Structure formats: C-alpha cells, structure tokens
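Undergrad: My structure file protein.tsv, TSV, C-alpha atoms and all ligand atoms, is below:
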chain	number	residue	atom	x	y	z
C	1	SER	CA	-142.86	-129.04	99.27
C	2	ALA	CA	-146.03	-129.52	101.32
C	3	THR	CA	-149.40	-129.39	99.55
C	4	SER	CA	-152.12	-127.23	101.10
C	5	GLY	CA	-153.89	-130.39	102.31
C	6	GLU	CA	-150.72	-131.54	103.99
C	7	LEU	CA	-150.25	-128.12	105.63
C	8	ARG	CA	-153.84	-128.16	106.89
C	9	ARG	CA	-153.34	-131.60	108.43
C	10	ARG	CA	-150.15	-130.45	110.11
C	11	GLY	CA	-151.94	-127.34	111.44
C	12	GLU	CA	-154.67	-129.55	112.89
C	13	THR	CA	-152.10	-131.81	114.51
C	14	VAL	CA	-150.34	-128.81	116.00
C	15	ARG	CA	-153.57	-127.40	117.44
C	16	ALA	CA	-154.83	-130.76	118.67
C	17	LEU	CA	-151.61	-131.13	120.66
C	18	GLY	CA	-152.42	-127.93	122.50
C	19	PHE	CA	-149.84	-125.54	121.06
C	20	ALA	CA	-150.97	-121.95	121.62
C	21	GLU	CA	-149.77	-121.32	118.10
C	22	ALA	CA	-147.87	-123.23	115.49
C	23	PRO	CA	-144.17	-123.88	116.21
C	24	ALA	CA	-141.84	-121.19	114.89
C	25	THR	CA	-140.67	-123.08	111.83
C	26	PHE	CA	-144.11	-124.42	110.92
C	27	GLY	CA	-145.22	-123.60	107.41
C	28	ARG	CA	-142.04	-121.79	106.43
C	29	PRO	CA	-140.80	-122.66	102.93
C	30	GLY	CA	-137.95	-125.14	102.93
C	31	ARG	CA	-134.45	-124.50	101.64
C	32	ILE	CA	-132.22	-126.81	99.63
C	33	THR	CA	-128.50	-126.30	99.03
C	34	LEU	CA	-126.89	-127.90	95.97
C	35	VAL	CA	-123.17	-128.59	96.23
C	36	GLY	CA	-121.75	-129.86	92.95
C	37	SER	CA	-118.21	-130.98	92.20
C	38	THR	CA	-118.20	-128.14	89.72
C	39	ALA	CA	-120.40	-125.07	89.33
C	40	GLU	CA	-121.73	-126.57	86.08
C	41	GLU	CA	-122.88	-129.75	87.80
C	42	ALA	CA	-125.02	-127.90	90.36
C	43	MET	CA	-126.39	-125.57	87.66
C	44	GLY	CA	-127.35	-128.64	85.64
C	45	TRP	CA	-129.27	-130.08	88.61
C	46	ARG	CA	-131.11	-126.82	89.12
C	47	VAL	CA	-132.15	-126.59	85.48
C	48	GLY	CA	-133.36	-130.20	85.60
C	49	LEU	CA	-135.37	-129.62	88.78
C	50	ARG	CA	-137.08	-126.49	87.46
C	51	GLY	CA	-140.84	-126.62	88.12
C	52	MET	CA	-140.62	-129.84	90.16
C	53	ILE	CA	-139.43	-128.44	93.51
C	54	HIS	CA	-141.21	-125.61	95.29
C	55	ASP	CA	-138.66	-125.00	98.01
C	56	GLU	CA	-135.98	-122.37	97.70
C	57	ILE	CA	-132.89	-123.79	95.96
C	58	VAL	CA	-129.45	-122.26	96.40
C	59	ILE	CA	-126.14	-123.30	94.85
C	60	GLU	CA	-123.10	-123.17	97.09
C	61	ARG	CA	-119.46	-123.98	96.53
C	62	ARG	CA	-118.21	-126.71	98.83
C	63	GLU	CA	-115.76	-124.41	100.60
C	64	LYS	CA	-118.51	-121.89	101.36
C	65	VAL	CA	-121.10	-124.24	102.85
C	66	LEU	CA	-119.84	-124.27	106.44
C	67	ARG	CA	-119.28	-120.52	106.39
C	68	ALA	CA	-122.95	-120.07	105.41
C	69	VAL	CA	-124.07	-122.46	108.18
C	70	HIS	CA	-121.96	-120.48	110.65
C	71	ASP	CA	-123.64	-117.27	109.46
C	72	GLY	CA	-127.07	-118.77	110.08
C	73	ALA	CA	-127.90	-119.55	106.44
C	74	HIS	CA	-128.42	-123.29	106.83
C	75	SER	CA	-130.66	-125.47	104.71
C	76	ASP	CA	-133.09	-128.31	105.35
C	77	LEU	CA	-131.44	-130.43	102.69
C	78	TYR	CA	-127.95	-130.66	101.17
C	79	VAL	CA	-127.33	-132.37	97.86
C	80	ILE	CA	-123.61	-133.09	97.74
C	81	SER	CA	-121.47	-134.48	94.96
C	82	THR	CA	-118.53	-136.69	95.91
C	83	ARG	CA	-115.30	-136.97	93.98
C	84	PRO	CA	-113.56	-140.32	94.17
C	85	GLY	CA	-110.27	-140.46	96.04
C	86	THR	CA	-110.44	-136.87	97.31
C	87	GLY	CA	-112.57	-137.27	100.44
C	88	GLU	CA	-114.33	-134.09	99.33
C	89	GLY	CA	-118.02	-134.32	99.98
C	90	LEU	CA	-117.47	-136.99	102.62
C	91	ARG	CA	-115.71	-134.49	104.85
C	92	LEU	CA	-118.56	-132.04	104.33
C	93	ILE	CA	-121.10	-134.66	105.44
C	94	SER	CA	-119.36	-135.22	108.76
C	95	ASP	CA	-118.89	-131.48	109.25
C	96	LEU	CA	-122.61	-130.88	108.68
C	97	ARG	CA	-123.54	-133.68	111.07
C	98	ALA	CA	-121.22	-132.21	113.73
C	99	ARG	CA	-122.94	-128.80	113.70
C	100	GLU	CA	-126.06	-128.15	115.72
C	101	ALA	CA	-127.84	-126.21	112.96
C	102	THR	CA	-127.45	-128.97	110.38
C	103	ARG	CA	-127.37	-132.07	112.61
C	104	HIS	CA	-130.87	-133.00	111.48
C	105	ALA	CA	-130.70	-131.69	107.91
C	106	GLY	CA	-131.31	-134.08	105.04
C	107	ILE	CA	-128.21	-135.08	103.07
C	108	ILE	CA	-128.32	-136.66	99.63
C	109	VAL	CA	-125.07	-137.74	98.00
C	110	VAL	CA	-124.57	-137.76	94.25
C	111	HIS	CA	-121.90	-140.29	93.27
C	112	GLY	CA	-120.52	-141.88	90.13
C	113	GLN	CA	-121.65	-145.37	89.12
C	114	GLN	CA	-118.21	-146.80	89.96
C	115	GLU	CA	-117.81	-144.93	93.26
C	116	ARG	CA	-119.31	-147.61	95.45
C	117	ARG	CA	-116.81	-147.09	98.25
C	118	GLU	CA	-117.59	-143.34	98.47
C	119	ALA	CA	-121.31	-144.10	98.45
C	120	LEU	CA	-121.08	-146.56	101.34
C	121	MET	CA	-118.88	-144.22	103.35
C	122	ALA	CA	-121.37	-141.42	102.77
C	123	LEU	CA	-124.16	-143.56	104.20
C	124	ASP	CA	-121.96	-144.49	107.13
C	125	LEU	CA	-121.29	-140.80	107.85
C	126	GLY	CA	-125.01	-140.07	107.97
C	127	ALA	CA	-126.20	-139.37	104.42
C	128	ASN	CA	-129.93	-140.06	104.08
C	129	ASP	CA	-129.99	-141.11	100.43
C	130	LEU	CA	-127.85	-141.64	97.34
C	131	ILE	CA	-128.31	-140.60	93.72
C	132	THR	CA	-126.23	-141.99	90.88
C	133	ARG	CA	-124.64	-139.21	88.85
C	134	GLY	CA	-126.63	-138.73	85.65
C	135	ALA	CA	-129.94	-139.88	87.15
C	136	ASP	CA	-132.92	-138.28	85.43
C	137	PRO	CA	-134.42	-135.13	86.98
C	138	GLU	CA	-137.69	-136.90	87.89
C	139	GLU	CA	-135.83	-139.34	90.13
C	140	MET	CA	-133.81	-136.53	91.64
C	141	ALA	CA	-136.93	-134.47	92.35
C	142	LEU	CA	-138.64	-137.47	93.98
C	143	ARG	CA	-135.70	-138.15	96.26
C	144	LEU	CA	-135.40	-134.47	97.20
C	145	ARG	CA	-139.11	-134.22	98.00
C	146	THR	CA	-138.96	-137.37	100.15
C	147	GLN	CA	-136.10	-135.95	102.21
C	148	MET	CA	-137.81	-132.57	102.58
C	149	ARG	CA	-140.96	-134.31	103.85
C	150	ARG	CA	-138.94	-136.41	106.28
C	151	LYS	CA	-137.13	-133.32	107.56
C	152	ARG	CA	-140.39	-131.41	108.12
C	153	ASP	CA	-141.97	-134.32	109.99
C	154	ALA	CA	-138.84	-134.77	112.12
C	155	ASP	CA	-138.73	-131.02	112.94
C	156	LEU	CA	-142.37	-131.08	113.98
C	157	LEU	CA	-141.86	-134.18	116.14
C	158	ARG	CA	-138.83	-132.64	117.82
C	159	GLN	CA	-140.83	-129.50	118.63
C	160	ILE	CA	-143.70	-131.57	119.98
C	161	LEU	CA	-141.28	-133.52	122.17
C	162	ASP	CA	-139.63	-130.32	123.47
C	163	GLU	CA	-143.01	-128.79	124.22
C	164	GLY	CA	-144.24	-132.00	125.84
C	165	LEU	CA	-141.14	-132.18	128.04
C	166	ARG	CA	-141.66	-128.56	129.04
C	167	LEU	CA	-145.34	-129.21	129.84
C	168	VAL	CA	-144.63	-132.18	132.11
C	169	SER	CA	-141.76	-130.36	133.89
C	170	ILE	CA	-143.36	-127.02	134.75
C	171	ASP	CA	-145.98	-126.16	137.37
C	172	SER	CA	-148.54	-123.97	135.60
C	173	LEU	CA	-149.47	-121.83	138.63
C	174	THR	CA	-145.97	-120.74	139.69
C	175	ARG	CA	-144.13	-121.41	136.40
C	176	LEU	CA	-141.51	-123.18	138.51
C	177	TYR	CA	-140.25	-126.69	137.87
C	178	ASN	CA	-142.52	-129.31	139.39
C	179	ARG	CA	-141.72	-132.17	141.74
C	180	ARG	CA	-141.22	-134.67	138.92
C	181	TYR	CA	-138.56	-132.53	137.24
C	182	ALA	CA	-136.97	-131.54	140.58
C	183	LEU	CA	-136.42	-135.13	141.68
C	184	ALA	CA	-134.75	-136.05	138.39
C	185	HIS	CA	-132.60	-132.91	138.47
C	186	LEU	CA	-131.55	-133.49	142.09
C	187	GLU	CA	-130.02	-136.79	141.09
C	188	LYS	CA	-127.90	-134.97	138.50
C	189	ILE	CA	-126.77	-132.36	141.00
C	190	ALA	CA	-125.86	-135.10	143.50
C	191	GLU	CA	-123.88	-136.93	140.81
C	192	GLU	CA	-121.98	-133.75	139.85
C	193	ALA	CA	-121.24	-133.07	143.50
C	194	ARG	CA	-119.86	-136.61	143.88
C	195	THR	CA	-117.51	-136.29	140.91
C	196	GLY	CA	-116.60	-132.66	141.65
C	197	GLY	CA	-116.15	-133.22	145.41
C	198	ARG	CA	-118.34	-130.21	146.22
C	199	HIS	CA	-121.21	-129.61	148.63
C	200	PHE	CA	-124.75	-128.68	147.73
C	201	ALA	CA	-127.58	-127.29	149.81
C	202	LEU	CA	-131.09	-128.67	149.88
C	203	MET	CA	-133.99	-126.65	151.30
C	204	LEU	CA	-137.63	-127.48	151.87
C	205	ILE	CA	-139.62	-124.27	152.20
C	206	ASP	CA	-143.18	-124.35	153.50
C	207	ILE	CA	-145.53	-121.36	153.81
C	208	ASP	CA	-146.63	-120.79	157.40
C	209	ARG	CA	-150.31	-121.06	158.25
C	210	PHE	CA	-151.22	-120.99	154.60
C	211	LYS	CA	-154.58	-122.54	155.30
C	212	SER	CA	-155.59	-119.33	157.08
C	213	VAL	CA	-154.59	-117.28	153.99
C	214	ASN	CA	-157.10	-119.31	151.99
C	215	ASP	CA	-159.68	-119.09	154.77
C	216	THR	CA	-159.29	-115.32	155.14
C	217	PHE	CA	-158.84	-114.14	151.55
C	218	GLY	CA	-160.13	-117.00	149.43
C	219	HIS	CA	-158.47	-119.62	147.29
C	220	ALA	CA	-157.77	-117.26	144.35
C	221	VAL	CA	-155.70	-114.96	146.57
C	222	GLY	CA	-153.97	-118.05	147.97
C	223	ASP	CA	-153.02	-119.04	144.43
C	224	ALA	CA	-151.62	-115.56	143.73
C	225	VAL	CA	-149.59	-115.71	146.95
C	226	LEU	CA	-148.10	-119.04	145.85
C	227	ALA	CA	-147.08	-117.50	142.51
C	228	GLU	CA	-145.53	-114.47	144.26
C	229	VAL	CA	-143.61	-116.66	146.73
C	230	GLY	CA	-142.26	-118.62	143.75
C	231	GLN	CA	-141.26	-115.38	142.00
C	232	ARG	CA	-139.45	-114.02	145.06
C	233	LEU	CA	-137.56	-117.27	145.58
C	234	ARG	CA	-136.46	-117.33	141.95
C	235	ASP	CA	-135.42	-113.65	142.06
C	236	SER	CA	-133.18	-114.26	145.09
C	237	LEU	CA	-131.26	-117.21	143.67
C	238	ARG	CA	-128.58	-117.81	141.06
C	239	GLY	CA	-129.31	-119.16	137.60
C	240	MET	CA	-127.63	-122.46	138.50
C	241	ASP	CA	-129.89	-123.01	141.53
C	242	LEU	CA	-132.96	-125.19	141.23
C	243	VAL	CA	-136.28	-123.80	142.46
C	244	ALA	CA	-139.31	-126.04	142.28
C	245	ARG	CA	-142.84	-126.28	143.59
C	246	PHE	CA	-142.56	-129.52	145.51
C	247	GLY	CA	-146.11	-129.83	146.79
C	248	GLY	CA	-149.17	-127.69	147.57
C	249	GLU	CA	-147.54	-124.78	149.45
C	250	GLU	CA	-144.10	-126.33	149.72
C	251	PHE	CA	-141.08	-125.39	147.63
C	252	LEU	CA	-137.73	-127.01	147.08
C	253	VAL	CA	-134.46	-125.19	146.48
C	254	CYS	CA	-131.20	-126.88	145.60
C	255	MET	CA	-127.98	-124.87	145.41
C	256	PRO	CA	-125.03	-126.68	143.80
C	257	MET	CA	-121.45	-125.85	144.80
C	258	THR	CA	-122.49	-124.22	148.05
C	259	SER	CA	-120.87	-124.43	151.51
C	260	LEU	CA	-122.80	-124.68	154.76
C	261	THR	CA	-122.03	-121.03	155.58
C	262	GLU	CA	-123.26	-119.89	152.17
C	263	ALA	CA	-126.34	-122.08	152.45
C	264	ARG	CA	-127.31	-120.67	155.85
C	265	ALA	CA	-126.95	-117.13	154.53
C	266	ALA	CA	-128.96	-117.94	151.40
C	267	ALA	CA	-131.76	-119.61	153.37
C	268	GLU	CA	-131.95	-116.62	155.71
C	269	ARG	CA	-132.08	-114.30	152.69
C	270	LEU	CA	-134.96	-116.35	151.24
C	271	ARG	CA	-136.84	-116.29	154.53
C	272	VAL	CA	-136.53	-112.49	154.76
C	273	THR	CA	-137.47	-111.83	151.13
C	274	ILE	CA	-140.83	-113.54	151.73
C	275	CYS	CA	-141.87	-111.87	154.99
C	276	ASP	CA	-140.29	-108.41	154.84
C	277	ARG	CA	-142.92	-106.75	152.66
C	278	PRO	CA	-146.55	-107.54	151.93
C	279	MET	CA	-147.62	-109.05	148.64
C	280	THR	CA	-150.09	-106.87	146.81
C	281	ILE	CA	-152.53	-109.20	145.17
C	282	ALA	CA	-154.48	-108.15	142.07
C	283	PRO	CA	-157.16	-107.12	141.21
C	284	ASP	CA	-157.96	-105.05	144.34
C	285	GLY	CA	-154.39	-104.90	145.69
C	286	THR	CA	-155.11	-106.84	148.87
C	287	PRO	CA	-151.91	-106.72	150.94
C	288	VAL	CA	-151.06	-110.18	152.26
C	289	THR	CA	-148.05	-110.93	154.41
C	290	VAL	CA	-146.83	-114.51	154.75
C	291	SER	CA	-143.75	-116.14	156.19
C	292	VAL	CA	-142.01	-119.42	155.46
C	293	SER	CA	-140.25	-122.06	157.50
C	294	ILE	CA	-137.14	-123.58	155.94
C	295	GLY	CA	-135.56	-126.96	156.58
C	296	LEU	CA	-131.95	-127.10	155.39
C	297	ALA	CA	-129.83	-130.17	154.63
C	298	MET	CA	-126.33	-130.41	153.15
C	299	GLY	CA	-125.26	-132.97	150.57
C	300	GLY	CA	-122.03	-133.83	148.79
C	301	GLY	CA	-118.50	-133.90	150.17
C	302	PRO	CA	-117.70	-136.99	152.28
C	303	ASP	CA	-121.44	-137.44	152.94
C	304	ARG	CA	-122.75	-139.93	150.36
C	305	SER	CA	-126.41	-139.82	151.42
C	306	ALA	CA	-128.90	-140.59	148.70
C	307	ILE	CA	-131.37	-137.88	147.66
C	308	PRO	CA	-134.38	-139.46	149.43
C	309	ASP	CA	-132.37	-139.55	152.69
C	310	LEU	CA	-131.32	-135.90	152.28
C	311	LEU	CA	-134.94	-134.93	151.61
C	312	ALA	CA	-135.93	-136.73	154.81
C	313	VAL	CA	-133.28	-134.76	156.73
C	314	ALA	CA	-134.55	-131.48	155.26
C	315	ASP	CA	-138.13	-132.48	156.04
C	316	GLN	CA	-137.19	-133.24	159.65
C	317	ALA	CA	-135.48	-129.83	159.90
C	318	LEU	CA	-138.61	-128.19	158.46
C	319	TYR	CA	-140.71	-129.97	161.05
C	320	SER	CA	-138.45	-128.56	163.81
C	321	ALA	CA	-138.71	-125.04	162.34
C	322	LYS	CA	-142.51	-125.31	162.51
C	323	ALA	CA	-142.42	-126.70	166.06
C	324	GLU	CA	-140.09	-123.93	167.25
C	325	GLY	CA	-142.46	-121.19	166.14
C	326	ARG	CA	-142.24	-120.93	162.28
C	327	ASN	CA	-140.67	-118.12	160.17
C	328	GLN	CA	-137.16	-119.53	160.71
C	329	VAL	CA	-134.41	-121.62	159.16
C	330	THR	CA	-133.46	-124.90	160.81
C	331	LEU	CA	-130.60	-127.23	160.01
F	1	LIG	P1	-148.16	-124.85	158.57
F	1	LIG	O1	-147.61	-123.57	159.09
F	1	LIG	O2	-148.13	-125.92	159.60
F	1	LIG	O3	-147.53	-125.26	157.31
F	1	LIG	O4	-149.70	-124.55	158.30
F	1	LIG	P2	-150.44	-124.60	156.92
F	1	LIG	O5	-151.79	-124.07	157.09
F	1	LIG	O6	-149.61	-123.94	155.88
F	1	LIG	O7	-150.42	-126.15	156.60
F	1	LIG	P3	-151.54	-127.16	156.16
F	1	LIG	O8	-150.76	-128.33	155.61
F	1	LIG	O9	-152.49	-127.42	157.27
F	1	LIG	O10	-152.32	-126.44	155.00
F	1	LIG	C1	-151.76	-126.20	153.77
F	1	LIG	C2	-152.82	-125.52	152.94
F	1	LIG	O11	-152.33	-125.19	151.64
F	1	LIG	C3	-154.04	-126.39	152.73
F	1	LIG	C4	-154.33	-126.28	151.25
F	1	LIG	O12	-155.66	-125.95	151.01
F	1	LIG	C5	-153.44	-125.16	150.79
F	1	LIG	N1	-153.01	-125.35	149.41
F	1	LIG	C6	-152.28	-126.37	148.89
F	1	LIG	N2	-152.13	-126.20	147.55
F	1	LIG	C7	-152.80	-125.05	147.23
F	1	LIG	C8	-153.01	-124.35	146.01
F	1	LIG	O13	-152.56	-124.75	144.92
F	1	LIG	N3	-153.72	-123.20	146.06
F	1	LIG	C9	-154.23	-122.73	147.22
F	1	LIG	N4	-154.90	-121.57	147.20
F	1	LIG	N5	-154.07	-123.38	148.39
F	1	LIG	C10	-153.35	-124.52	148.41
F	2	MG	MG	-148.50	-128.56	156.38
F	3	MG	MG	-147.69	-124.67	155.38
F	4	MG	MG	-147.14	-127.93	153.69
Can the structure in the file be given as structure tokens, please?
Ligand code: GH3
Ligand code: MG
Ligand code: MG
Ligand code: MG

TA:
Amino acid sequence: SATSGELRRRGETVRALGFAEAPATFGRPGRITLVGSTAEEAMGWRVGLRGMIHDEIVIERREKVLRAVHDGAHSDLYVISTRPGTGEGLRLISDLRAREATRHAGIIVVHGQQERREALMALDLGANDLITRGADPEEMALRLRTQMRRKRDADLLRQILDEGLRLVSIDSLTRLYNRRYALAHLEKIAEEARTGGRHFALMLIDIDRFKSVNDTFGHAVGDAVLAEVGQRLRDSLRGMDLVARFGGEEFLVCMPMTSLTEARAAAERLRVTICDRPMTIAPDGTPVTVSVSIGLAMGGGPDRSAIPDLLAVADQALYSAKAEGRNQVTL
C-alpha cells in the first residue's frame, strides 16, 4: 500500500494538474481478492502475508468471484490459483478481463512448477504476473505490492486523461461542447448517417446584434446572455442532439436521424425559445431580450456532402437569414 510520502506526492500531482479536488478513488485503501484452488490454499497465503500488506484482503471461492463483481464488490488485484487440465482459473481471468469493473484490475496467477502451459496461457489472457506455488511469503508480498502500485498509478492516469479530455472538449462559459469537440463528433454523426441511411440536420445559430448587447449592458451581461442562450438550446433538444458553442456568439446544433420537416420544426422551436421571453441576468435582474438567426442544412441520405461543405451551406443560409432581417430560420 502507498506510504504517506507517496500519497503526498500523488496529492501534489493531482492538485498541480488542476483538479478541484482529488479524484474519487484517490487515497482509498486498496482491496485484494485471493482465489485459491482450495480454501486452505488461500488461507495459507493470507497467513503468510500477515503484516506485509496493508490493503484489505478478502478470500473468495472461484465460483463466487464474478457474482461479487456483479454486486459491485470488485477488487484492485486478484490472486488466482490455476489447476492443470481443468481450465479453472484461466476462465476466470478472461471473465475478469471482459468485465468493465475489473478490466484494469491486477491479476496474479499462482501455478505449479510443472504447469508451464497454464502459466503461459494465463499471461496470454492478460495476467500481469506469475507466482510459483510454494513461493515464500516475502516474494508473494513484493509481487502483490508491485501490482497494487501499478494499478493505482494506472487509475490515476486514466482519471487524468478523462479529466483532460473533458477540459479540452467543453467551453467553460456555456458548459457546452466546444468547436474542437463538435467537429470531431460531426464526423461520427455523418458516418452513422451514411451506414444507417438516415438524414441529419445541421444548424448554425448566431445571436442577432450581439455587439449592441455588450455595448448597452457591458461584457459581463453579454457573457451571461451567452450562457443562457446555451442553456435554452440544450433544454429544447434531445439527449442525442449535439449542441456546441462554435464561435464567439455562434452555436452549432446537429440532430441525428432527423427529417427535413422535423428539422424545420426544431429550428423554429429553438428560434422561439430564445426570443419569446427576456433573460433575467444576475445580480440585478436586468431583463435582456435577444433573438437568433438560424442557418439550416441537411446531411445524410443520398447526399454525400462532407461536413465542411455542409457547414458552408449552413453558413450561407445563416447569412441569408441575417440579410433578410434576422430572427428567422433559413434553409
Ligand atoms: P449580427 O446580427 O450580424 O450577428 O450582429 P452581431 O453584433 O451579433 O455580430 P458581430 O459579429 O458584429 O459581433 C459579435 C459580437 O459578439 C462581437 C463580440 O464582442 C461579441 N462576443 C464574441 N464572443 C463573446 C464573448 O465570449 N462574450 C461577450 N460578452 N461577447 C462576445
Ligand atoms: Mg457576426
Ligand atoms: Mg451575431
Ligand atoms: Mg457571429
């Protein structure tokens, strides 16, 4: 288990990376499950390890391990005994690797000196380390500690990666996806539409005369209006729809599996939800009414246009909406 120095270093890493607080699993004691061929074998391991491992150690019968995982009682490390010729143990390794909760768990296989075939198969199925049956407790403790350390580091890295991906995908003002994420996601939607033979709608939504909102009420109110526009757009769409802040006061909406008729209705609904009631902006409750112009383009079906071309079509439609007087949807 981690020493206090190690924990302090991890805490510093976590803070230096800008986490508001430590990731959920940070600092929690680890858990090790021992799965012997017999109850006596696992008990023997536990007695040998006494005082050398500071993580929680549980003994589980082979048949009960997956049930426990299913019930949420999964471990960071599994020590599993194989029995030659039975496939027992080996099957458990592949089952653990196939489950989300234990995909990244450590697995150490305990095998007999002569069971070279089992040992190699175990490694092939994803075991992290091997111990020869009868190895002394010091060696066992060392190998367990190494795997627990590796698991903790890997968990932390995965959380940092998830958080980093989130940070580079989200616009901090509106909490919507940003342009970078939207462009990547659009390609996926286009690909799904190609294989599924369905249409999707693409909308570019630009706030009308937003410069005058800033000029009249100040930049802070302008920011709050942007956040409220984003909120209203999100509230009026389905979970499967993409809403992103595409530029300064420009938003992008993509609706998969949507016909032209549905898209027109949705765009009109979005237009109305922005302009039909004032936004009350904190702290003094300034009422601000804005409208948006929406350029609509359809993708998918027989039309094989690439995303940049569809965006250009939507942008052209938006330009027309502005030219024809704003606060309208144009196709
Ligand atoms: P139009 O109807 O033609 O779109 O007029 P507009 O004033 O909205 O368009 P223009 O492109 O002239 O101005 C957009 C303004 O949006 C200018 C810029 O200062 C403002 N803006 C862009 N991003 C932000 C932001 O993050 N916060 C605030 N408060 N204003 C922003
Ligand atoms: Mg503009
Ligand atoms: Mg504008
Ligand atoms: Mg604009």

Undergrad: Once you count only C-alpha atoms and all ligand atoms, which residues end up within 9 Å of ligand LIG 1 (chain F), and could you hand them over as a PyMOL selection string?

TA: chain C and resi 173+206-215+218-226+247-250+291-293+319+322-323+326-327

Undergrad: One decimal, Å: what's the distance from atom CA of Glu191 of chain C over to atom CA of Ala263 of chain C, could you say?

TA: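 If I compute the distance from atom CA of Glu191 of chain C to atom CA of Ala263 of chain C, I get 19.0 Å.
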
Undergrad: Please measure the separation of atom CA of Thr280 of chain C and atom CA of Glu228 of chain C, giving the value in Å to one decimal.

TA: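 Interatomic distance, atom CA of Thr280 of chain C to atom CA of Glu228 of chain C: 9.2 Å.
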
Undergrad: For the atom pair atom CA of His111 of chain C and atom CA of Trp45 of chain C, what is the interatomic distance in Å to one decimal place?

TA: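 The value is 13.4 Å.
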
Undergrad: So that I can check the surroundings of Arg150 of chain C, please list as a PDB file with C-alpha atoms, keeping the file's coordinate frame every protein, DNA and RNA residue that reaches within 12 Å of it, counting all atoms listed in the file and ignoring chain neighbours fewer than 3 positions away.

TA:
ATOM      1  CA  SER C   1    -142.860-129.040  99.270  1.00  0.00           C
ATOM      2  CA  ALA C   2    -146.030-129.520 101.320  1.00  0.00           C
ATOM      3  CA  GLY C  30    -137.950-125.140 102.930  1.00  0.00           C
ATOM      4  CA  ASP C  76    -133.090-128.310 105.350  1.00  0.00           C
ATOM      5  CA  LEU C  77    -131.440-130.430 102.690  1.00  0.00           C
ATOM      6  CA  HIS C 104    -130.870-133.000 111.480  1.00  0.00           C
ATOM      7  CA  ALA C 105    -130.700-131.690 107.910  1.00  0.00           C
ATOM      8  CA  GLY C 106    -131.310-134.080 105.040  1.00  0.00           C
ATOM      9  CA  ILE C 107    -128.210-135.080 103.070  1.00  0.00           C
ATOM     10  CA  ASN C 128    -129.930-140.060 104.080  1.00  0.00           C
ATOM     11  CA  ASP C 129    -129.990-141.110 100.430  1.00  0.00           C
ATOM     12  CA  ARG C 143    -135.700-138.150  96.260  1.00  0.00           C
ATOM     13  CA  LEU C 144    -135.400-134.470  97.200  1.00  0.00           C
ATOM     14  CA  ARG C 145    -139.110-134.220  98.000  1.00  0.00           C
ATOM     15  CA  THR C 146    -138.960-137.370 100.150  1.00  0.00           C
ATOM     16  CA  GLN C 147    -136.100-135.950 102.210  1.00  0.00           C
ATOM     17  CA  ASP C 153    -141.970-134.320 109.990  1.00  0.00           C
ATOM     18  CA  ALA C 154    -138.840-134.770 112.120  1.00  0.00           C
ATOM     19  CA  ASP C 155    -138.730-131.020 112.940  1.00  0.00           C
ATOM     20  CA  LEU C 156    -142.370-131.080 113.980  1.00  0.00           C
ATOM     21  CA  LEU C 157    -141.860-134.180 116.140  1.00  0.00           C
TER      22      LEU C 157
END

Undergrad: Pick the closest to Gly301 of chain C from C:His199, C:Arg234, C:Arg271, C:Arg277: which is it, counting only C-alpha atoms?

TA: C:His199

Undergrad: Of the candidates C:Leu161, C:Leu252, C:Ala119, C:Leu90, which one gets nearest to ligand MG 4 (chain F) if we count only C-alpha atoms and all ligand atoms?

TA: C:Leu252

Undergrad: Applying 9 Å and all atoms listed in the file, which residues near Leu92 of chain C remain after dropping the ones on its own chain fewer than 5 positions away? List them as a list of chain:residue names.

TA: C:Arg62, C:Glu63, C:Val65, C:Leu66, C:Ile80, C:Gly87, C:Arg97

Undergrad: Which of these residues is nearest to ligand MG 3 (chain F), using all atoms listed in the file: C:Leu204, C:Ala266, C:Ile281, C:Leu96?

TA: C:Leu204

Undergrad: Find, counting all atoms listed in the file, the residue in C:Leu176, C:Ala321, C:Val168, C:Thr330 that gets nearest to ligand MG 2 (chain F).

TA: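 Of the candidates, the smallest distance to ligand MG 2 (chain F) is held by C:Ala321.
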
Undergrad: Would you pick out the contacts of Arg269 of chain C at 10 Å or less, using all atoms listed in the file, so that residues sharing its chain but fewer than 6 positions from it are not included, and give the list as JSON, numbers by chain?

TA: {"C": [233, 236, 237, 263]}

Undergrad: Can you report as AutoDock Vina command-line options the centre and edge lengths in Å, to one decimal, of an axis-aligned box around the listed atoms of segment 64-83 of chain C padded with 8 Å on each side?

TA:
--center_x -124.2 --center_y -127.1 --center_z 102.3 --size_x 33.8 --size_y 35.7 --size_z 32.7

Undergrad: Just the residues within 7 Å of Ile57 of chain C, please, counting all atoms listed in the file, with nothing from its chain fewer than 5 positions along; format it as a PyMOL selection string.

TA: chain C and resi 31-33

Undergrad: Just add N, CA and C atoms to segment 315-328 of chain C and send it as an mmCIF file, in the coordinates of the input.

TA:
data_model
loop_
_atom_site.group_PDB
_atom_site.id
_atom_site.type_symbol
_atom_site.label_atom_id
_atom_site.label_comp_id
_atom_site.auth_asym_id
_atom_site.auth_seq_id
_atom_site.Cartn_x
_atom_site.Cartn_y
_atom_site.Cartn_z
ATOM 1 N N ASP C 315 -136.739 -132.450 155.576
ATOM 2 C CA ASP C 315 -138.130 -132.480 156.040
ATOM 3 C C ASP C 315 -138.183 -132.473 157.574
ATOM 4 N N GLN C 316 -137.261 -133.210 158.191
ATOM 5 C CA GLN C 316 -137.190 -133.240 159.650
ATOM 6 C C GLN C 316 -136.823 -131.852 160.181
ATOM 7 N N ALA C 317 -135.881 -131.181 159.506
ATOM 8 C CA ALA C 317 -135.480 -129.830 159.900
ATOM 9 C C ALA C 317 -136.662 -128.868 159.753
ATOM 10 N N LEU C 318 -137.433 -129.033 158.681
ATOM 11 C CA LEU C 318 -138.610 -128.190 158.460
ATOM 12 C C LEU C 318 -139.618 -128.385 159.596
ATOM 13 N N TYR C 319 -139.780 -129.634 159.968
ATOM 14 C CA TYR C 319 -140.710 -129.970 161.050
ATOM 15 C C TYR C 319 -140.293 -129.256 162.352
ATOM 16 N N SER C 320 -138.968 -129.258 162.617
ATOM 17 C CA SER C 320 -138.450 -128.560 163.810
ATOM 18 C C SER C 320 -138.710 -127.064 163.730
ATOM 19 N N ALA C 321 -138.490 -126.492 162.526
ATOM 20 C CA ALA C 321 -138.710 -125.040 162.340
ATOM 21 C C ALA C 321 -140.160 -124.689 162.647
ATOM 22 N N LYS C 322 -141.084 -125.542 162.231
ATOM 23 C CA LYS C 322 -142.510 -125.310 162.510
ATOM 24 C C LYS C 322 -142.743 -125.402 164.023
ATOM 25 N N ALA C 323 -142.175 -126.453 164.636
ATOM 26 C CA ALA C 323 -142.420 -126.700 166.060
ATOM 27 C C ALA C 323 -141.841 -125.579 166.921
ATOM 28 N N GLU C 324 -140.745 -124.971 166.443
ATOM 29 C CA GLU C 324 -140.090 -123.930 167.250
ATOM 30 C C GLU C 324 -140.671 -122.547 166.995
ATOM 31 N N GLY C 325 -141.775 -122.477 166.268
ATOM 32 C CA GLY C 325 -142.460 -121.190 166.140
ATOM 33 C C GLY C 325 -142.602 -120.649 164.731
ATOM 34 N N ARG C 326 -142.105 -121.335 163.704
ATOM 35 C CA ARG C 326 -142.240 -120.930 162.280
ATOM 36 C C ARG C 326 -141.393 -119.691 161.954
ATOM 37 N N ASN C 327 -141.433 -119.267 160.695
ATOM 38 C CA ASN C 327 -140.670 -118.120 160.170
ATOM 39 C C ASN C 327 -139.193 -118.214 160.589
ATOM 40 N N GLN C 328 -138.583 -119.367 160.375
ATOM 41 C CA GLN C 328 -137.160 -119.530 160.710
ATOM 42 C C GLN C 328 -136.522 -120.638 159.864
#
